[in-house]
Amino acid sequence: MKKMFIIFTLLTTLVISANTQVQAKTSKELDDKINTLTKSCNGGDMANCLNLAVIYASGEGVKQDYNKVAELLTKACDGKNIDACLSLGYMYMEGIGIKLNDKKAVELFTRTCDNENLGGCTNLGIMYEKGKGVEQDYKKAIELYSNACEGGDLMGCNNLGNSYYNGLGVLLNYDNALSLFKKACEGGSNLGCSNFKKTYKEVCLNNPKKYCSKYQ
């Protein structure tokens, strides 16, 4: 359930950011919306294939169908919609609506990252950190997280913070971890806030003079 929520949130965020989603309230409006998007998607509008995928992911006016979501994202991605490629990569990574395939996920995240999609860079970093579909490479993960974070991707900042907290690919550095978690938190990441609070509590108990004064 959590993974499905994540993919729906990811898809919805992409559509809202593109400002292409049309609100519908009544059953007739929903039916008309779905029919319009379907015709548009079949006619080659890849952005509306992505919009339609959001509907099937949410179950808005249709039966929730992640196989259909994967089908629509594949079509949109093949049609060079990079946002669709990002979501499709996540579905391959988690095996949602499609057979789990780490190598395919890496391929899609690489494509999205190369096209300056920061979410793709962060997810590619995850694959390198975990050694999924590629040889485990913490330094490569750090490089990807750093670039994503510098570009404003909050998950990239959070993951980079985790790397400093655990000493993966970099020297363990609680101060850097706290700074990165704080940056993610201030940007609106609940996970960043949670990690900041947890790390702050842990390190302040052990060494308050070194780590805590700047975060009072």
# chains A, B, ... in the order shown; residues from 1 in each chain; ligands from 1
call {"tool": "residues_around", "arguments": {"residues": "Tyr56 of chain A", "least_positions_apart": "4", "cutoff": "12 Å", "atoms": "only C-alpha atoms", "output": "short mmCIF file (atom, residue, chain, number, x, y, z; two decimals) with C-alpha atoms, in the first residue's frame"}}
result
data_model
loop_
_atom_site.label_atom_id
_atom_site.label_comp_id
_atom_site.auth_asym_id
_atom_site.auth_seq_id
_atom_site.Cartn_x
_atom_site.Cartn_y
_atom_site.Cartn_z
CA MET A 4 1.30 2.42 -4.36
CA ILE A 7 3.78 6.08 -7.11
CA PHE A 8 0.43 7.92 -7.06
CA LEU A 11 2.57 10.83 -10.73
CA THR A 12 0.28 13.48 -9.31
CA ILE A 34 -11.31 10.14 -19.17
CA LEU A 37 -7.66 12.12 -22.24
CA THR A 38 -7.88 8.68 -23.83
CA CYS A 49 -1.06 9.67 -21.47
CA LEU A 50 0.68 10.68 -18.23
CA ASN A 51 -2.47 12.44 -17.02
CA LEU A 52 -4.49 9.32 -17.76
CA GLU A 60 -10.68 8.43 -9.98
CA GLY A 61 -13.78 7.41 -11.94
CA VAL A 62 -12.22 4.10 -12.99
CA LYS A 63 -11.09 0.90 -11.33
CA GLN A 64 -7.58 1.38 -9.93
CA ASP A 65 -5.28 -0.49 -12.29
CA TYR A 66 -1.49 -0.38 -11.95
CA ASN A 67 -1.01 -2.60 -14.97
CA LYS A 68 -2.81 0.07 -16.99
CA VAL A 69 -0.66 2.74 -15.33
CA ALA A 70 2.49 0.91 -16.43
CA GLU A 71 1.11 0.52 -19.95
CA LEU A 72 0.34 4.23 -20.24
CA LEU A 73 3.68 5.28 -18.78
CA GLY A 97 2.10 -3.02 -12.10
#
call {"tool": "residues_around", "arguments": {"residues": "Ser194 of chain A", "least_positions_apart": "5", "cutoff": "9 Å", "atoms": "only C-alpha atoms", "output": "JSON, numbers by chain"}}
result
{"A": [181, 185, 189, 199]}
call {"tool": "write_last_selection", "arguments": {"atoms": "N, CA and C atoms", "output": "mmCIF file, in the first residue's frame"}}
result
data_model
loop_
_atom_site.group_PDB
_atom_site.id
_atom_site.type_symbol
_atom_site.label_atom_id
_atom_site.label_comp_id
_atom_site.auth_asym_id
_atom_site.auth_seq_id
_atom_site.Cartn_x
_atom_site.Cartn_y
_atom_site.Cartn_z
ATOM 1 N N PHE A 181 19.766 17.346 6.254
ATOM 2 C CA PHE A 181 18.406 17.028 6.707
ATOM 3 C C PHE A 181 17.612 18.311 6.935
ATOM 4 N N CYS A 185 14.227 19.455 5.141
ATOM 5 C CA CYS A 185 13.076 19.774 5.982
ATOM 6 C C CYS A 185 12.521 21.152 5.650
ATOM 7 N N SER A 189 10.228 18.633 3.021
ATOM 8 C CA SER A 189 10.294 17.180 3.098
ATOM 9 C C SER A 189 10.017 16.694 4.520
ATOM 10 N N THR A 199 18.344 12.685 14.274
ATOM 11 C CA THR A 199 19.800 12.847 14.329
ATOM 12 C C THR A 199 20.192 13.900 15.352
#
call {"tool": "select_by_dssp", "arguments": {"residues": "segment 57-97 of chain A", "states": "alpha helix (DSSP H)", "output": "MDAnalysis selection string"}}
result
chainID A and resid 57:58 66:78 82:94
call {"tool": "atom_distance", "arguments": {"atom1": "atom CA of Lys182 of chain A", "atom2": "atom CA of Glu202 of chain A"}}
result
14.9 Å
call {"tool": "atom_distance", "arguments": {"atom1": "atom CA of Ala141 of chain A", "atom2": "atom CA of Gly156 of chain A"}}
result
9.9 Å
call {"tool": "closest_residue", "arguments": {"among": "A:Glu116, A:Gly89, A:Ala47, A:Ser163", "to": "Asn101 of chain A", "atoms": "only C-alpha atoms"}}
result
A:Gly89
call {"tool": "closest_residue", "arguments": {"among": "A:Val106, A:Met46, A:Ile96, A:Cys121", "to": "Ala84 of chain A", "atoms": "only C-alpha atoms"}}
result
A:Met46
call {"tool": "residues_around", "arguments": {"residues": "Gly169 of chain A", "least_positions_apart": "5", "cutoff": "9 Å", "atoms": "only C-alpha atoms", "output": "number ranges by chain"}}
result
A: 129, 137-142, 163-164
call {"tool": "residues_around", "arguments": {"residues": "Asn159 of chain A", "least_positions_apart": "2", "cutoff": "9 Å", "atoms": "only C-alpha atoms", "output": "ChimeraX atom specification"}}
result
/A:122,125-126,142,145,149,154-157,161-164,180-181,192
call {"tool": "residues_around", "arguments": {"residues": "Lys103 of chain A", "least_positions_apart": "3", "cutoff": "10 Å", "atoms": "only C-alpha atoms", "output": "PyMOL selection string"}}
result
chain A and resi 89+92-93+100+106-109+127+132-134
call {"tool": "atom_distance", "arguments": {"atom1": "atom CA of Ser27 of chain A", "atom2": "atom CA of Thr74 of chain A"}}
result
27.7 Å
